[in-house]
Amino acid sequence: MGLTAAASPASLQAANGVRLRRRFFDYLGWFLTVLAFLLLGSAMVWILVVVFLRGLHALNLTVITQITSGYGGGLLNAIEGTLILALGGIILAVPPGLAAGIYLAEFDSGYLAPAIRFLADVLVGVPSIVIGYFGYVTMVAGLGWNFSVAAGSIALAIISLPYICRTSEMALRQVPRSLREAGYALGAGDRKVVLGICVPAALPAILTGVLLALAISVGETAPLLYTAGWSNYLWTGHLIKEPVGYLTYAIWAFITEPFSSAHALAYAAALFVTLFVLVISVLSRLVLDENAGWRRRHQG
Amino acid sequence: MSFRRFVALLGSIVGATLIVIVAFLALYAWPAVRLNGFAFLTDNNWNLGSLYANPITVHGQQIMPGAHYGILFLIVGTLLSTMIALLIAVPVGVGAAMFLAEGVSPMIRTWISLFVELLAAIPSVVYGLWGYVVVIPFLGHHLFPFLVEHLGFIPFFGGAAGSGYGLLTCGFVLALMIVPLITATLRDALVSQAASLHEGALALGASRFEAQWGVLLPAVRRVLIGSSILATGRALGETMAVLMISGNALNYLPSNIYAPISTMASFIVSQLDSALTDPTGMAVRSLAEVALVLCVISIIVNGFARLLLYYEGRQSAGVM
């Protein structure tokens, strides 16, 4: 009290200056953070507007009912190829990915689990073109499979593996310990407890991880360029020695051609791919949030 | 076989994949590694040689006469574009994370966070399409000439404004692709910090911004560093978007920030077709060496970032 009363006008002024400066930096700081957010938000809007407006403009029945011919026609072959490659990759990646996830979550002891976890996390960061070139060197050229569904699917499986592994691990770790203890107490073995109790309990989250891997596979281009090749025709069922088309190739290859029919196909392909990826991303986010919320409410 | 061992065996495929990839790339690239030597990284000359002549033997390897493989321009292009992307992405990512963590109510936080974090879900080739169709004309015709005119006195900002394909365009688009990684990780870390930190700062008289900037952000600095390194790894290996907007320069070192470049990842795509015309196969093996170098760099970068984030996770788990 006495101190304030004795304060000279000069120190009051200084305190005022400090307050003004603090308030100024406060406003400046918040302004810059809002600016950063708006920058990202507007870029997102810009991309979506370009893809959706031009994509919808290019859309018609031919696009989904006809195969590609020259720089026109439709994308039926590419839509079919994308689905085959992505599903093939998922079918190949789920068994080892899920097994690794189970091992990491349930049997996390010794050196193997940390090693797998570390290698999986590093594998996520390996550029997809490196995996594509690896596929070219080993399968396309080395084994003589040529551009094929098998080579493309395996390349996509390699990309999906770490995602499926890590999301399954996270999902299984959310399962309450008491469920496992109850299982073991009733005399169930490892296999019964994991496959009969933990995996079913974590299934929504595990499936979400698989769906995310599917979305990533659908959006990939680089690993497929030199493993799957490109084809204007529908797949005839050969796993090797038959190239196959896919949507992301159409985006890359057709936008640089000088024909408006080619551009239309590229925009339509971009619309399909973006829509698919965004819908799955939003859905999976909802499922995971719901899941986390459920755990929080029920575990206190 | 016990269930545990079966799961371990099947799951080991995930870890073994990375080792197999490196091993096969190294094995395939080995003749090229021996032929090119260390100059591969320091020479600025990628030349398939005379493809119509008869192959000659150099160091016991068959190559086309005049063939030379040096990728300095790729290393420079990769590092510079990544550096520009980081210079843009880190401040923007930190700002957006602070805004999302503290500037908006938790009710809408999930939704608007999701909106910007979906930037990470958009496929690389769609970024390429967007960059090729709308960003390059805009930058090439409007922004770059403007920058040259008004900021040309700054080193590397002057000179020819170019066509829009090039280093700065790559930096912009790469920054957008990696920002969500930084923002999402950092926002999570900021929100999950102990409430006592935030409340303590407020009790000492800090404003909400000062608490974020001066107390919470320093507390999560290791997460920021780790996620920035992960983002670096992603930018280093980005292929399709860079392929479509970089200008794919060959044997050319950029003279300013508008100059066309090429990166290791996009070079592999753009050059495989022509490399296949080399009857000795050395060009394809040298491309495998590019892939190997890129792979090793990304393993080092990602491994370092992961170890840092593991350490951080263990530390914060210990504190709580």
# chains A, B, ... in the order shown; residues from 1 in each chain; ligands from 1
>>> interface_residues(of="chain B", to="chain A", cutoff="7 Å", atoms="only C-alpha atoms", output="PyMOL selection string")
chain B and resi 3+7-8+10-15+18+21+25+92+95-96+98-99+116+119+121-123+125-126+130+209+233-234+237-240+265+291+295+298-299+302-303
>>> residues_around(residues="Leu216 (chain B)", least_positions_apart="5", cutoff="7 Å", atoms="only C-alpha atoms", output="list in words")
Leu190, His198 and Ala211 of chain B
>>> residues_around(residues="Ala39 (chain B)", least_positions_apart="5", cutoff="10 Å", atoms="only C-alpha atoms", output="list of chain:residue names")
B:Val33, B:Asn44, B:Asn45, B:His68, B:Tyr69, B:Gly70, B:Ile71, B:Leu72
>>> select_by_dssp(residues="region 146-249 of chain B", states="helix (DSSP H, G or I)", output="count of residues only")
75
>>> closest_residue(among="B:Ala89, B:Leu224, B:Ala97, B:Leu151", to="Ile112 (chain B)", atoms="only C-alpha atoms")
B:Ala97
>>> atom_distance(atom1="CA of Pro137 (chain B)", atom2="CA of Gly77 (chain B)")
21.4 Å
>>> residues_around(residues="Ser227 (chain B)", least_positions_apart="5", cutoff="9 Å", atoms="only C-alpha atoms", output="PyMOL selection string")
chain B and resi 181-183+185-186+222+232+305-306+309
>>> residues_around(residues="Leu203 (chain A)", least_positions_apart="3", cutoff="9 Å", atoms="only C-alpha atoms", output="short mmCIF file (atom, residue, chain, number, x, y, z; two decimals) with all heavy atoms, in the first residue's frame")
data_model
loop_
_atom_site.label_atom_id
_atom_site.label_comp_id
_atom_site.auth_asym_id
_atom_site.auth_seq_id
_atom_site.Cartn_x
_atom_site.Cartn_y
_atom_site.Cartn_z
N SER A 168 -3.71 -51.06 -35.01
CA SER A 168 -4.21 -52.22 -34.25
C SER A 168 -3.60 -52.23 -32.86
O SER A 168 -4.28 -52.56 -31.89
CB SER A 168 -3.87 -53.55 -34.93
OG SER A 168 -3.89 -53.44 -36.30
N ALA A 171 -5.43 -49.73 -30.83
CA ALA A 171 -6.79 -50.19 -30.57
C ALA A 171 -6.79 -51.23 -29.45
O ALA A 171 -7.61 -51.18 -28.52
CB ALA A 171 -7.39 -50.77 -31.84
N LEU A 172 -5.85 -52.19 -29.52
CA LEU A 172 -5.82 -53.26 -28.53
C LEU A 172 -5.41 -52.73 -27.15
O LEU A 172 -5.84 -53.24 -26.12
CB LEU A 172 -4.86 -54.36 -28.97
CG LEU A 172 -5.39 -55.21 -30.13
CD1 LEU A 172 -4.28 -56.05 -30.74
CD2 LEU A 172 -6.51 -56.10 -29.63
N CYS A 198 -10.03 -59.75 -26.88
CA CYS A 198 -9.41 -58.44 -27.16
C CYS A 198 -9.74 -57.95 -28.57
O CYS A 198 -10.16 -56.81 -28.76
CB CYS A 198 -7.90 -58.53 -26.98
SG CYS A 198 -7.43 -58.92 -25.30
N VAL A 199 -9.51 -58.81 -29.58
CA VAL A 199 -9.73 -58.35 -30.96
C VAL A 199 -11.19 -57.96 -31.20
O VAL A 199 -11.45 -56.90 -31.76
CB VAL A 199 -9.22 -59.41 -31.96
CG1 VAL A 199 -9.67 -59.07 -33.37
CG2 VAL A 199 -7.71 -59.50 -31.89
N PRO A 200 -12.17 -58.79 -30.77
CA PRO A 200 -13.56 -58.34 -30.95
C PRO A 200 -13.85 -57.02 -30.25
O PRO A 200 -14.54 -56.16 -30.79
CB PRO A 200 -14.38 -59.48 -30.33
CG PRO A 200 -13.51 -60.67 -30.44
CD PRO A 200 -12.11 -60.17 -30.26
N ILE A 206 -9.81 -51.21 -34.93
CA ILE A 206 -8.92 -51.92 -35.85
C ILE A 206 -9.40 -51.73 -37.29
O ILE A 206 -8.62 -51.40 -38.19
CB ILE A 206 -8.86 -53.42 -35.50
CG1 ILE A 206 -8.16 -53.63 -34.15
CG2 ILE A 206 -8.12 -54.19 -36.59
CD1 ILE A 206 -8.14 -55.06 -33.69
N LEU A 207 -10.72 -51.88 -37.49
CA LEU A 207 -11.27 -51.71 -38.84
C LEU A 207 -11.06 -50.29 -39.34
O LEU A 207 -10.81 -50.06 -40.52
CB LEU A 207 -12.77 -52.05 -38.84
CG LEU A 207 -13.08 -53.54 -38.77
CD1 LEU A 207 -14.59 -53.77 -38.81
CD2 LEU A 207 -12.40 -54.28 -39.91
N THR A 208 -11.14 -49.33 -38.40
CA THR A 208 -10.89 -47.94 -38.80
C THR A 208 -9.48 -47.79 -39.33
O THR A 208 -9.26 -47.12 -40.34
CB THR A 208 -11.08 -47.02 -37.58
OG1 THR A 208 -12.37 -47.27 -37.04
CG2 THR A 208 -10.97 -45.59 -37.99
#
>>> residues_around(residues="Phe267 (chain B)", least_positions_apart="2", cutoff="10 Å", atoms="only C-alpha atoms", output="list in words")
Ile71, Leu74, Thr239, Val242, Leu243, Asn248, Ala249, Leu250, Ile261, Ser262, Thr263, Met264, Ala265, Val269, Ser270, Gln271, Leu272, Leu287, Val290 and Ala291 of chain B
